[in-house]
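For reference, target-v5.cif is printed below; it contains mmCIF, C-alpha atoms.
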```cif
data_structure
loop_
_atom_site.label_atom_id
_atom_site.label_comp_id
_atom_site.auth_asym_id
_atom_site.auth_seq_id
_atom_site.Cartn_x
_atom_site.Cartn_y
_atom_site.Cartn_z
CA MET A 12 70.14 8.12 14.97
CA ASN A 13 67.10 6.71 16.71
CA LYS A 14 63.98 7.84 14.85
CA VAL A 15 61.58 6.80 17.62
CA LYS A 16 60.53 9.66 19.89
CA THR A 17 61.01 8.78 23.52
CA PHE A 18 58.84 10.24 26.24
CA SER A 19 61.87 10.98 28.42
CA ASN A 20 62.32 14.05 26.26
CA ALA A 21 60.17 16.68 27.99
CA ASN A 22 59.28 18.33 24.68
CA VAL A 23 57.51 15.24 23.36
CA SER A 24 53.81 15.34 24.20
CA LEU A 25 51.94 12.14 24.96
CA THR A 26 49.49 10.59 22.52
CA PRO A 27 45.84 10.64 23.73
CA GLN A 28 45.90 6.85 24.23
CA ILE A 29 49.04 6.93 26.36
CA PHE A 30 47.80 9.95 28.31
CA TYR A 31 44.54 8.19 29.19
CA ILE A 32 46.32 4.94 30.07
CA LEU A 33 48.56 6.88 32.46
CA LEU A 34 45.49 8.63 33.84
CA SER A 35 43.73 5.34 34.48
CA LEU A 36 46.79 3.83 36.16
CA ALA A 37 47.48 6.94 38.26
CA ILE A 38 44.80 5.90 40.76
CA LYS A 39 45.54 2.18 41.06
CA GLU A 40 47.02 -0.79 39.21
CA ARG A 41 44.68 -2.34 36.64
CA HIS A 42 44.53 -5.12 34.04
CA GLY A 43 43.86 -4.61 30.31
CA TYR A 44 40.07 -4.71 30.29
CA GLU A 45 39.85 -2.47 33.35
CA ILE A 46 42.16 0.08 31.69
CA MET A 47 39.98 0.00 28.60
CA LYS A 48 36.77 0.63 30.54
CA GLN A 49 38.36 3.35 32.65
CA ILE A 50 39.58 5.18 29.54
CA GLU A 51 36.09 5.00 28.04
CA HIS A 52 34.68 6.41 31.27
CA ASP A 53 37.33 9.14 31.70
CA SER A 54 36.99 10.37 28.12
CA ASN A 55 33.18 10.35 28.27
CA GLY A 56 33.11 7.61 25.64
CA ARG A 57 35.14 9.64 23.13
CA ILE A 58 38.12 7.26 23.23
CA LYS A 59 37.41 3.55 22.83
CA LEU A 60 40.52 1.42 22.51
CA GLY A 61 40.49 -2.02 20.94
CA PRO A 62 42.70 -4.78 22.40
CA GLY A 63 45.26 -4.27 19.59
CA THR A 64 45.67 -0.53 20.13
CA LEU A 65 45.69 -0.94 23.91
CA TYR A 66 48.44 -3.55 23.99
CA GLY A 67 50.43 -1.70 21.30
CA ALA A 68 50.48 1.30 23.64
CA VAL A 69 51.16 -0.91 26.68
CA LYS A 70 54.14 -2.50 24.91
CA ARG A 71 55.60 0.91 24.12
CA MET A 72 55.05 2.11 27.69
CA LEU A 73 56.71 -1.02 29.09
CA GLU A 74 59.69 -0.46 26.80
CA GLU A 75 59.93 3.16 27.96
CA LYS A 76 59.51 2.04 31.57
CA LEU A 77 56.48 4.27 32.12
CA ILE A 78 54.62 1.28 33.55
CA ILE A 79 55.60 -2.13 34.93
CA GLU A 80 53.91 -5.51 35.02
CA LEU A 81 52.99 -6.62 38.52
CA ASP A 82 53.84 -10.09 39.75
CA THR A 83 50.46 -11.27 40.94
CA GLN A 84 49.18 -14.68 41.94
CA HIS A 85 46.33 -14.12 39.50
CA ALA A 86 47.32 -16.44 36.64
CA ARG A 87 44.74 -15.15 34.16
CA ARG A 88 45.37 -11.41 34.24
CA LYS A 89 48.42 -9.23 34.20
CA TYR A 90 48.17 -6.02 36.19
CA TYR A 91 50.05 -2.88 35.26
CA LYS A 92 51.33 -0.18 37.56
CA LEU A 93 52.73 3.31 36.99
CA THR A 94 56.48 3.74 37.61
CA GLU A 95 58.08 6.85 39.06
CA LYS A 96 59.18 7.86 35.57
CA GLY A 97 55.62 7.36 34.30
CA ARG A 98 54.21 9.43 37.15
CA THR A 99 56.72 12.25 36.50
CA ILE A 100 55.98 12.34 32.77
CA PHE A 101 52.25 12.28 33.48
CA SER A 102 52.64 15.19 35.92
CA HIS A 103 54.63 17.18 33.32
CA GLU A 104 51.86 16.55 30.80
CA LEU A 105 49.18 17.67 33.27
CA GLU A 106 51.20 20.82 34.01
CA ARG A 107 51.44 21.52 30.30
CA TYR A 108 47.66 21.12 29.95
CA ASN A 109 47.13 23.28 33.02
CA ASP A 110 49.37 26.04 31.63
CA ALA A 111 47.48 25.97 28.35
CA VAL A 112 44.13 26.18 30.13
CA GLU A 113 45.34 29.09 32.32
CA LEU A 114 46.59 30.93 29.25
CA ALA A 115 43.31 30.35 27.44
CA LYS A 116 41.41 31.67 30.46
CA LYS A 117 43.63 34.78 30.63
CA ARG A 118 43.01 35.50 26.96
CA SER A 119 39.30 34.75 27.37
CA LEU A 120 39.48 32.04 24.75
CA PHE A 121 36.88 29.86 26.48
CA VAL A 122 33.52 30.24 24.77
CA LYS A 123 30.29 29.36 26.55
CA PRO A 124 28.27 26.56 24.91
CA SER A 125 25.35 28.96 24.30
CA VAL A 126 27.64 31.26 22.28
CA ILE A 127 28.88 28.33 20.22
CA LYS A 128 25.28 27.39 19.53
CA PHE A 129 24.61 30.98 18.41
CA ALA A 130 27.70 31.06 16.22
CA TYR A 131 26.69 27.89 14.36
CA ALA A 132 22.99 28.77 14.17
CA MET B 24 19.72 -20.57 24.36
CA ARG B 25 22.65 -20.47 26.77
CA LYS B 26 24.28 -23.42 25.01
CA ARG B 27 23.99 -21.63 21.68
CA ARG B 28 25.62 -18.54 23.20
CA VAL B 29 28.52 -20.63 24.53
CA ILE B 30 29.09 -22.15 21.07
CA ALA B 31 28.99 -18.68 19.47
CA GLY B 32 31.49 -17.49 22.09
CA ALA B 33 33.84 -20.39 21.33
CA LYS B 34 33.63 -19.66 17.60
CA ALA B 35 34.26 -15.95 18.20
CA GLU B 36 37.26 -16.82 20.36
CA GLN B 37 38.60 -19.13 17.66
CA PHE B 38 38.17 -16.40 15.07
CA TYR B 39 40.02 -13.89 17.26
CA LYS B 40 42.82 -16.41 17.83
CA THR B 41 43.15 -16.64 14.04
CA LEU B 42 43.26 -12.84 13.82
CA LEU B 43 46.06 -12.80 16.38
CA CYS B 44 48.22 -14.77 13.91
CA MET B 45 48.66 -11.48 12.02
CA TYR B 46 50.92 -10.17 14.79
CA PRO B 47 54.66 -10.86 14.85
CA GLU B 48 55.40 -14.04 16.79
CA ILE B 49 57.40 -12.29 19.52
CA TYR B 50 54.53 -9.87 20.18
CA ARG B 51 51.91 -12.63 20.08
CA LYS B 52 53.81 -14.71 22.63
CA ARG B 53 54.00 -11.78 25.03
CA PHE B 54 50.55 -10.21 24.72
CA GLY B 55 48.47 -12.79 22.80
CA ASN B 56 46.87 -14.43 25.85
CA GLU B 57 46.04 -11.13 27.51
CA MET B 58 44.53 -9.76 24.31
CA LEU B 59 42.41 -12.89 24.09
CA PHE B 60 41.17 -12.38 27.66
CA VAL B 61 40.30 -8.76 26.90
CA PHE B 62 38.48 -9.89 23.76
CA GLN B 63 36.53 -12.47 25.78
CA ASP B 64 35.44 -9.74 28.20
CA LEU B 65 34.46 -7.42 25.37
CA TYR B 66 32.53 -10.18 23.59
CA GLN B 67 30.73 -11.12 26.78
CA GLU B 68 29.83 -7.48 27.44
CA GLU B 69 28.56 -7.08 23.88
CA SER B 70 26.49 -10.29 24.15
CA VAL B 71 24.95 -9.17 27.43
CA ASN B 72 24.17 -5.64 26.18
CA HIS B 73 22.95 -6.43 22.66
CA GLY B 74 22.07 -10.12 22.75
CA LYS B 75 24.85 -10.94 20.26
CA ALA B 76 27.91 -9.31 18.74
CA ASP B 77 26.81 -7.19 15.79
CA ILE B 78 28.64 -6.27 12.60
CA LEU B 79 29.95 -2.98 14.07
CA PHE B 80 31.59 -4.88 16.92
CA TRP B 81 33.37 -7.20 14.48
CA PHE B 82 34.31 -4.33 12.20
CA ALA B 83 35.92 -2.50 15.13
CA ILE B 84 37.78 -5.63 16.27
CA VAL B 85 39.07 -6.55 12.79
CA THR B 86 40.19 -3.03 11.85
CA ASP B 87 41.84 -2.56 15.25
CA THR B 88 43.72 -5.85 14.85
CA ILE B 89 44.84 -5.16 11.28
CA LYS B 90 45.99 -1.62 12.14
CA SER B 91 47.92 -2.59 15.24
CA ALA B 92 49.41 -5.74 13.66
CA MET B 93 50.72 -3.70 10.73
CA LEU B 94 52.16 -1.16 13.14
CA GLN B 95 53.97 -3.89 15.09
CA HIS B 96 55.43 -5.31 11.85
CA ILE B 97 56.59 -1.83 10.81
CA ILE B 98 58.22 -1.32 14.22
CA LEU B 99 60.07 -4.64 13.83
CA ILE B 100 61.17 -3.78 10.28
CA GLN B 101 62.51 -0.43 11.54
CA LYS B 102 64.32 -2.22 14.35
CA HIS B 103 65.88 -5.12 12.45
CA GLY B 104 66.03 -3.78 8.88
CA ILE B 105 64.04 -5.15 5.95
CA LYS B 106 66.74 -7.69 4.96
CA ASN B 107 66.88 -9.37 8.36
CA TYR B 108 63.13 -9.14 8.90
CA PHE B 109 62.24 -11.06 5.73
CA HIS B 110 65.38 -13.25 5.91
CA ILE B 111 66.23 -12.22 2.35
CA ASN B 112 68.98 -14.36 0.87
CA ILE B 113 70.61 -14.81 -2.53
CA TYR B 114 68.16 -17.62 -3.43
CA ASN B 115 65.18 -15.29 -2.96
CA ILE B 116 66.79 -12.58 -5.09
CA MET B 117 67.63 -15.05 -7.87
CA GLY B 118 64.11 -16.50 -7.73
CA ALA B 119 62.56 -13.05 -7.98
CA VAL B 120 64.77 -12.19 -10.96
CA PHE B 121 63.73 -15.41 -12.72
CA LEU B 122 60.04 -14.77 -12.09
CA LEU B 123 60.03 -11.11 -13.06
CA PRO B 124 59.82 -11.50 -16.90
CA PHE B 125 56.98 -14.01 -16.58
CA LEU B 126 55.04 -11.79 -14.21
CA MET B 127 55.50 -8.80 -16.53
CA LEU B 128 54.17 -10.80 -19.47
CA PHE B 129 51.32 -12.10 -17.33
CA CYS B 130 50.31 -8.59 -16.26
CA ILE B 131 50.45 -7.27 -19.82
CA ASP B 132 48.32 -10.20 -21.03
CA PHE B 133 45.86 -9.98 -18.12
CA PHE B 134 45.20 -6.26 -18.42
CA SER B 135 44.98 -6.32 -22.21
CA ARG B 136 42.32 -9.07 -21.94
CA LEU B 137 40.57 -7.12 -19.19
CA ILE B 138 40.45 -3.99 -21.35
CA GLN B 139 38.90 -5.84 -24.29
CA GLY B 140 36.37 -7.43 -21.89
CA ASP B 141 37.04 -10.97 -23.10
CA PHE B 142 39.35 -13.29 -21.22
CA THR B 143 38.96 -16.23 -23.64
CA HIS B 144 40.84 -14.60 -26.50
CA TYR B 145 44.12 -12.76 -26.33
CA ASN B 146 44.25 -9.08 -27.19
CA ARG B 147 45.29 -8.94 -30.85
CA VAL B 148 47.01 -5.55 -30.64
CA THR B 149 49.15 -6.63 -27.71
CA TYR B 150 49.91 -10.01 -29.28
CA ASN B 151 50.89 -8.34 -32.57
CA TYR B 152 53.30 -6.10 -30.71
CA ILE B 153 54.84 -8.85 -28.56
CA SER B 154 55.13 -11.33 -31.45
CA HIS B 155 57.45 -8.92 -33.24
CA THR B 156 59.86 -8.69 -30.33
CA MET B 157 62.85 -10.97 -29.75
CA LEU B 158 60.68 -13.13 -27.48
CA TYR B 159 59.22 -14.85 -30.53
CA ASN B 160 62.49 -15.28 -32.48
CA THR B 161 62.49 -18.87 -33.67
CA TYR B 162 65.37 -21.28 -34.15
CA ASN B 163 64.53 -24.60 -35.82
CA GLY B 164 60.81 -23.96 -35.29
CA HIS B 165 61.15 -23.23 -31.57
CA ALA B 166 61.11 -19.97 -29.60
CA PRO B 167 63.82 -20.61 -26.99
CA LEU B 168 63.56 -17.22 -25.26
CA LEU B 169 59.79 -17.53 -24.84
CA TRP B 170 60.22 -21.09 -23.62
CA THR B 171 62.86 -19.92 -21.13
CA VAL B 172 60.69 -17.09 -19.79
CA LEU B 173 57.51 -19.14 -19.52
CA ILE B 174 58.77 -22.55 -18.37
CA LEU B 175 62.46 -22.73 -17.55
CA ALA B 176 62.70 -19.57 -15.41
CA PRO B 177 59.71 -20.36 -13.12
CA CYS B 178 60.98 -23.94 -12.73
CA LEU B 179 64.43 -22.64 -11.78
CA ALA B 180 62.90 -20.13 -9.33
CA VAL B 181 60.99 -22.93 -7.60
CA VAL B 182 63.97 -25.30 -7.51
CA ILE B 183 66.42 -22.64 -6.29
CA ASN B 184 64.10 -21.57 -3.48
CA CYS B 185 63.65 -25.16 -2.35
CA VAL B 186 67.36 -25.07 -1.39
CA PRO B 187 67.00 -22.82 1.73
CA VAL B 188 63.86 -24.72 2.76
CA PHE B 189 65.65 -28.08 2.56
CA ALA B 190 68.67 -26.57 4.31
CA SER B 191 66.38 -25.58 7.19
CA VAL B 192 64.92 -29.08 7.29
CA ILE B 193 68.40 -30.59 7.51
CA GLN B 194 69.47 -28.10 10.20
CA ARG B 195 66.40 -28.63 12.37
CA LYS B 196 66.06 -32.36 11.63
CA ILE B 197 62.88 -33.70 13.25
CA LYS B 198 61.66 -30.44 14.79
CA SER B 199 60.73 -28.74 11.51
CA THR B 200 57.08 -28.17 10.73
CA ILE B 201 55.56 -26.24 7.83
CA LYS B 202 55.03 -23.29 10.19
CA THR B 203 58.62 -23.18 11.48
CA LEU B 204 59.96 -23.61 7.96
CA PHE B 205 57.74 -20.79 6.71
CA LEU B 206 58.87 -18.50 9.52
CA ALA B 207 62.51 -19.29 8.75
CA ASN B 208 62.14 -18.76 4.97
CA PRO B 209 58.99 -16.69 4.33
CA LEU B 210 60.14 -15.29 0.99
CA ALA B 211 61.28 -18.71 -0.28
CA PHE B 212 57.75 -20.02 0.30
CA VAL B 213 56.21 -17.00 -1.43
CA ILE B 214 58.49 -17.43 -4.45
CA ILE B 215 57.77 -21.18 -4.62
CA ALA B 216 54.04 -20.41 -4.53
CA ILE B 217 54.31 -17.75 -7.26
CA GLY B 218 56.49 -20.08 -9.37
CA ALA B 219 53.93 -22.88 -9.01
CA PHE B 220 51.19 -20.42 -9.97
CA CYS B 221 53.17 -19.41 -13.08
CA LEU B 222 53.56 -23.06 -14.14
CA LEU B 223 49.85 -23.63 -13.52
CA VAL B 224 49.05 -20.66 -15.75
CA VAL B 225 51.28 -22.07 -18.50
CA TYR B 226 49.68 -25.51 -18.13
CA GLY B 227 46.14 -24.15 -18.19
CA HIS B 228 46.66 -21.08 -20.36
CA ASP B 229 43.52 -21.90 -22.35
CA SER B 230 41.24 -23.28 -19.65
CA ILE B 231 42.04 -20.61 -17.01
CA PRO B 232 40.97 -17.66 -19.25
CA CYS B 233 37.91 -19.69 -20.18
CA VAL B 234 36.96 -20.09 -16.51
CA MET B 235 37.61 -16.40 -15.84
CA ASN B 236 35.49 -15.46 -18.83
CA ARG B 237 32.60 -17.64 -17.64
CA ILE B 238 32.80 -16.10 -14.15
CA TYR B 239 33.06 -12.60 -15.66
CA ASN B 240 29.98 -13.09 -17.84
CA HIS B 241 27.81 -15.60 -15.94
CA GLY B 242 28.96 -15.36 -12.31
CA PHE B 243 29.60 -18.41 -10.13
CA GLY B 244 26.33 -20.20 -10.99
CA ASN B 245 26.45 -23.72 -12.45
CA VAL B 246 30.08 -24.56 -11.64
CA GLY B 247 29.73 -28.12 -13.01
CA HIS B 248 28.79 -26.85 -16.46
CA MET B 249 31.64 -24.33 -16.36
CA VAL B 250 34.20 -27.05 -15.57
CA SER B 251 32.98 -29.37 -18.32
CA PHE B 252 32.84 -26.46 -20.79
CA CYS B 253 36.36 -25.25 -20.03
CA ARG B 254 38.03 -28.63 -19.56
CA ASN B 255 38.62 -29.02 -23.28
CA ALA B 256 39.02 -25.35 -24.06
#
```

Show how you would write the structure in this file as structure tokens.
Amino acid sequence: MNKVKTFSNANVSLTPQIFYILLSLAIKERHGYEIMKQIEHDSNGRIKLGPGTLYGAVKRMLEEKLIIELDTQHARRKYYKLTEKGRTIFSHELERYNDAVELAKKRSLFVKPSVIKFAYA
Amino acid sequence: MRKRRVIAGAKAEQFYKTLLCMYPEIYRKRFGNEMLFVFQDLYQEESVNHGKADILFWFAIVTDTIKSAMLQHIILIQKHGIKNYFHINIYNIMGAVFLLPFLMLFCIDFFSRLIQGDFTHYNRVTYNYISHTMLYNTYNGHAPLLWTVLILAPCLAVVINCVPVFASVIQRKIKSTIKTLFLANPLAFVIIAIGAFCLLVVYGHDSIPCVMNRIYNHGFGNVGHMVSFCRNA
């Protein structure tokens, strides 16, 4: 039995790193450093990936065919692009997030920042 | 100023290249160059923003590398199995079996000396106990079992593990380097190194504790005096 969870299974949620990599590649193809900077920007500086973590995730995503390497003339950098499978899985994940947010709104689970401040005061 | 920054950048790059050696070879070949480029960009950004790379930058880089390198090794072990990953063969197993009694004795001796806070003299309680075991049974004034455990077994472990290394040399002929031989027989090299260490301990069983005791009590100051003091210990 294969112990590794594959993302093709719809029940497996993405790790934050992989989610943000997919998010950064959803707009356009990028190279490693660009992905890193985009993730930092998208997560408001909460997620900072090192080269090791980034390429560990990239390797896994290449194996799962969520992204592909682009054949570019640029000898120094390798650019990565989202595949159809990657885009589908990313859309499923966004839908899941959206459903959760809708549910939280319905149940009035969102708390205004001022209330949080009061609660912790 | 700019020249100094370039030299620091080259040294940082060299250091990162060394860190990359922690990754499995297959991974390093595929992503090593790209990771180096990303590191160069990060280092340049850090230098521009803060003047030079600070300790936090290096801490983040080193921990990230160690964590991800370990993860990649674990993934490979899961994929290929521990036996294939370490190229474990019968020579390694025999070598480990030969070294085990010595290492057990070494650990017992080391920790008993550590507990008494004096590395120069053996722990009398431990020695009293061990000297009444079959290890110290004498025949014609010799203790063959002790001699076997301390000298013969480590020698055999080293010799036996030289076999796969020499076999690799013969197979590869001219192409073999220390690195390729190590990658082909990593455990054989480890066992040879441990065996050599064991024989060194036996050879310097008086002077090594003396050196450790001097370091324990006086630190690393005046190394010359320490060597002359312990040479005839």

Going by the chain IDs and residue numbers used in this file, which residues fall under the PyMOL selection byres ((chain B) within 10 of (chain A))? Write them as a PDB file with C-alpha atoms, in the coordinates of the input.
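To be explicit, this is the file written out as part27.pdb:
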```
ATOM      1  CA  LEU B  43      46.060 -12.800  16.380  1.00  0.00           C
ATOM      2  CA  TYR B  46      50.920 -10.170  14.790  1.00  0.00           C
ATOM      3  CA  TYR B  50      54.530  -9.870  20.180  1.00  0.00           C
ATOM      4  CA  ARG B  53      54.000 -11.780  25.030  1.00  0.00           C
ATOM      5  CA  PHE B  54      50.550 -10.210  24.720  1.00  0.00           C
ATOM      6  CA  GLY B  55      48.470 -12.790  22.800  1.00  0.00           C
ATOM      7  CA  ASN B  56      46.870 -14.430  25.850  1.00  0.00           C
ATOM      8  CA  GLU B  57      46.040 -11.130  27.510  1.00  0.00           C
ATOM      9  CA  MET B  58      44.530  -9.760  24.310  1.00  0.00           C
ATOM     10  CA  LEU B  59      42.410 -12.890  24.090  1.00  0.00           C
ATOM     11  CA  PHE B  60      41.170 -12.380  27.660  1.00  0.00           C
ATOM     12  CA  VAL B  61      40.300  -8.760  26.900  1.00  0.00           C
ATOM     13  CA  PHE B  62      38.480  -9.890  23.760  1.00  0.00           C
ATOM     14  CA  GLN B  63      36.530 -12.470  25.780  1.00  0.00           C
ATOM     15  CA  ASP B  64      35.440  -9.740  28.200  1.00  0.00           C
ATOM     16  CA  LEU B  65      34.460  -7.420  25.370  1.00  0.00           C
ATOM     17  CA  ALA B  83      35.920  -2.500  15.130  1.00  0.00           C
ATOM     18  CA  ILE B  84      37.780  -5.630  16.270  1.00  0.00           C
ATOM     19  CA  VAL B  85      39.070  -6.550  12.790  1.00  0.00           C
ATOM     20  CA  THR B  86      40.190  -3.030  11.850  1.00  0.00           C
ATOM     21  CA  ASP B  87      41.840  -2.560  15.250  1.00  0.00           C
ATOM     22  CA  THR B  88      43.720  -5.850  14.850  1.00  0.00           C
ATOM     23  CA  ILE B  89      44.840  -5.160  11.280  1.00  0.00           C
ATOM     24  CA  LYS B  90      45.990  -1.620  12.140  1.00  0.00           C
ATOM     25  CA  SER B  91      47.920  -2.590  15.240  1.00  0.00           C
ATOM     26  CA  ALA B  92      49.410  -5.740  13.660  1.00  0.00           C
ATOM     27  CA  LEU B  94      52.160  -1.160  13.140  1.00  0.00           C
ATOM     28  CA  GLN B  95      53.970  -3.890  15.090  1.00  0.00           C
ATOM     29  CA  ILE B  98      58.220  -1.320  14.220  1.00  0.00           C
ATOM     30  CA  GLN B 101      62.510  -0.430  11.540  1.00  0.00           C
ATOM     31  CA  LYS B 102      64.320  -2.220  14.350  1.00  0.00           C
TER      32      LYS B 102
END
```

Quiz item: In terms of the shortest atom-to-atom distance over all atoms listed in the file, which of A:Ala37, A:Ala115, A:Leu25, A:Ile32 is closest to A:Leu93?
Solution: A:Ala37

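Here atom CA of B:Val188 is placed at a distance of 16.8 Å from atom CA of B:Tyr108.
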
Quiz item: To one decimal place, how far is atom CA of A:Lys96 from atom CA of A:Leu36 in Å?
Solution: 13.0 Å

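Evaluating the PyMOL selection byres ((chain A and resi 39) around 12) against the shown model yields Ile32, Leu33, Leu34, Ser35, Leu36, Ala37, Ile38, Glu40, Arg41, His42, Glu45, Ile46, Gln49, Ile78, Leu81, Tyr90, Tyr91, Lys92, Leu93, Thr94 and Arg98 of chain A.
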
Go ahead and save the picked residues with C-alpha atoms, as a PDB file, keeping the file's coordinate frame.
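File out.pdb, as written:
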```pdb
ATOM      1  CA  ILE A  32      46.320   4.940  30.070  1.00  0.00           C
ATOM      2  CA  LEU A  33      48.560   6.880  32.460  1.00  0.00           C
ATOM      3  CA  LEU A  34      45.490   8.630  33.840  1.00  0.00           C
ATOM      4  CA  SER A  35      43.730   5.340  34.480  1.00  0.00           C
ATOM      5  CA  LEU A  36      46.790   3.830  36.160  1.00  0.00           C
ATOM      6  CA  ALA A  37      47.480   6.940  38.260  1.00  0.00           C
ATOM      7  CA  ILE A  38      44.800   5.900  40.760  1.00  0.00           C
ATOM      8  CA  GLU A  40      47.020  -0.790  39.210  1.00  0.00           C
ATOM      9  CA  ARG A  41      44.680  -2.340  36.640  1.00  0.00           C
ATOM     10  CA  HIS A  42      44.530  -5.120  34.040  1.00  0.00           C
ATOM     11  CA  GLU A  45      39.850  -2.470  33.350  1.00  0.00           C
ATOM     12  CA  ILE A  46      42.160   0.080  31.690  1.00  0.00           C
ATOM     13  CA  GLN A  49      38.360   3.350  32.650  1.00  0.00           C
ATOM     14  CA  ILE A  78      54.620   1.280  33.550  1.00  0.00           C
ATOM     15  CA  LEU A  81      52.990  -6.620  38.520  1.00  0.00           C
ATOM     16  CA  TYR A  90      48.170  -6.020  36.190  1.00  0.00           C
ATOM     17  CA  TYR A  91      50.050  -2.880  35.260  1.00  0.00           C
ATOM     18  CA  LYS A  92      51.330  -0.180  37.560  1.00  0.00           C
ATOM     19  CA  LEU A  93      52.730   3.310  36.990  1.00  0.00           C
ATOM     20  CA  THR A  94      56.480   3.740  37.610  1.00  0.00           C
ATOM     21  CA  ARG A  98      54.210   9.430  37.150  1.00  0.00           C
TER      22      ARG A  98
END
```

Quiz item: Could you work out how far atom CA of A:Tyr31 lies from atom CA of A:Asp53, giving the answer in Å with one decimal?
Solution: 7.7 Å

Starting from the point (40.9, -9.1, -24.9), work out which residues of protein, DNA or RNA have an atom no more than 9 Å away when counting all atoms listed in the file; state them as an mmCIF file with C-alpha atoms, in the coordinates of the input.
```
data_model
loop_
_atom_site.group_PDB
_atom_site.id
_atom_site.type_symbol
_atom_site.label_atom_id
_atom_site.label_comp_id
_atom_site.auth_asym_id
_atom_site.auth_seq_id
_atom_site.Cartn_x
_atom_site.Cartn_y
_atom_site.Cartn_z
ATOM 1 C CA ASP B 132 48.320 -10.200 -21.030
ATOM 2 C CA PHE B 133 45.860 -9.980 -18.120
ATOM 3 C CA PHE B 134 45.200 -6.260 -18.420
ATOM 4 C CA SER B 135 44.980 -6.320 -22.210
ATOM 5 C CA ARG B 136 42.320 -9.070 -21.940
ATOM 6 C CA LEU B 137 40.570 -7.120 -19.190
ATOM 7 C CA ILE B 138 40.450 -3.990 -21.350
ATOM 8 C CA GLN B 139 38.900 -5.840 -24.290
ATOM 9 C CA GLY B 140 36.370 -7.430 -21.890
ATOM 10 C CA ASP B 141 37.040 -10.970 -23.100
ATOM 11 C CA PHE B 142 39.350 -13.290 -21.220
ATOM 12 C CA THR B 143 38.960 -16.230 -23.640
ATOM 13 C CA HIS B 144 40.840 -14.600 -26.500
ATOM 14 C CA TYR B 145 44.120 -12.760 -26.330
ATOM 15 C CA ASN B 146 44.250 -9.080 -27.190
ATOM 16 C CA ARG B 147 45.290 -8.940 -30.850
#
```

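Using all atoms listed in the file, the shortest contact distance between B:Val186 and any of B:Val234, B:Met117, B:Leu173, B:Leu222 is found at B:Met117.
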
Just need the box for stretch 67-77 of chain A, edges along x, y and z, holding every atom the file lists for it with 5 Å tacked onto each side, so centre and edge lengths in Å to one decimal, as lines of an AutoDock Vina configuration file.
```
center_x = 55.2
center_y = 0.9
center_z = 26.7
size_x = 19.5
size_y = 16.8
size_z = 20.8
```

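When the PyMOL selection byres ((chain B and resi 175) around 12) is run on the displayed coordinates, the residues it returns are Gly118, Phe121, Leu122, Pro124, Phe125, Pro167, Leu168, Leu169, Trp170, Thr171, Val172, Leu173, Ile174, Ala176, Pro177, Cys178, Leu179, Ala180, Val181, Val182, Ile183, Gly218, Cys221, Leu222 and Val225 of chain B.
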
Written selection (C-alpha atoms) as a PDB file, keeping the file's coordinate frame:
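Listing of part12.pdb after writing:
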```
ATOM      1  CA  GLY B 118      64.110 -16.500  -7.730  1.00  0.00           C
ATOM      2  CA  PHE B 121      63.730 -15.410 -12.720  1.00  0.00           C
ATOM      3  CA  LEU B 122      60.040 -14.770 -12.090  1.00  0.00           C
ATOM      4  CA  PRO B 124      59.820 -11.500 -16.900  1.00  0.00           C
ATOM      5  CA  PHE B 125      56.980 -14.010 -16.580  1.00  0.00           C
ATOM      6  CA  PRO B 167      63.820 -20.610 -26.990  1.00  0.00           C
ATOM      7  CA  LEU B 168      63.560 -17.220 -25.260  1.00  0.00           C
ATOM      8  CA  LEU B 169      59.790 -17.530 -24.840  1.00  0.00           C
ATOM      9  CA  TRP B 170      60.220 -21.090 -23.620  1.00  0.00           C
ATOM     10  CA  THR B 171      62.860 -19.920 -21.130  1.00  0.00           C
ATOM     11  CA  VAL B 172      60.690 -17.090 -19.790  1.00  0.00           C
ATOM     12  CA  LEU B 173      57.510 -19.140 -19.520  1.00  0.00           C
ATOM     13  CA  ILE B 174      58.770 -22.550 -18.370  1.00  0.00           C
ATOM     14  CA  ALA B 176      62.700 -19.570 -15.410  1.00  0.00           C
ATOM     15  CA  PRO B 177      59.710 -20.360 -13.120  1.00  0.00           C
ATOM     16  CA  CYS B 178      60.980 -23.940 -12.730  1.00  0.00           C
ATOM     17  CA  LEU B 179      64.430 -22.640 -11.780  1.00  0.00           C
ATOM     18  CA  ALA B 180      62.900 -20.130  -9.330  1.00  0.00           C
ATOM     19  CA  VAL B 181      60.990 -22.930  -7.600  1.00  0.00           C
ATOM     20  CA  VAL B 182      63.970 -25.300  -7.510  1.00  0.00           C
ATOM     21  CA  ILE B 183      66.420 -22.640  -6.290  1.00  0.00           C
ATOM     22  CA  GLY B 218      56.490 -20.080  -9.370  1.00  0.00           C
ATOM     23  CA  CYS B 221      53.170 -19.410 -13.080  1.00  0.00           C
ATOM     24  CA  LEU B 222      53.560 -23.060 -14.140  1.00  0.00           C
ATOM     25  CA  VAL B 225      51.280 -22.070 -18.500  1.00  0.00           C
TER      26      VAL B 225
END
```

Self-check item: For A:Ile29, the nearest of the candidates A:His52, A:Arg118, A:Arg71, A:Arg57, counting only C-alpha atoms
Solution: A:Arg71

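Between A:Pro27 and the residues A:Asn109, A:Ile79, A:Ile58, A:Leu73, the shortest atom-to-atom distance, using all atoms listed in the file, involves A:Ile58.
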
Self-check item: All residues 12 Å or closer to B:Gln67, only C-alpha atoms, same chain fewer than 4 positions away omitted, as number ranges by chain
Solution: A: 44; B: 28-29, 31-33, 35-36, 60-63, 71-76, 80

Quiz prompt | Test item: residues at most 10 Å from A:Glu95, only C-alpha atoms, excluding those fewer than 5 positions along its chain, as JSON, numbers by chain | solution = {"A": [76, 77, 78, 100, 101]}
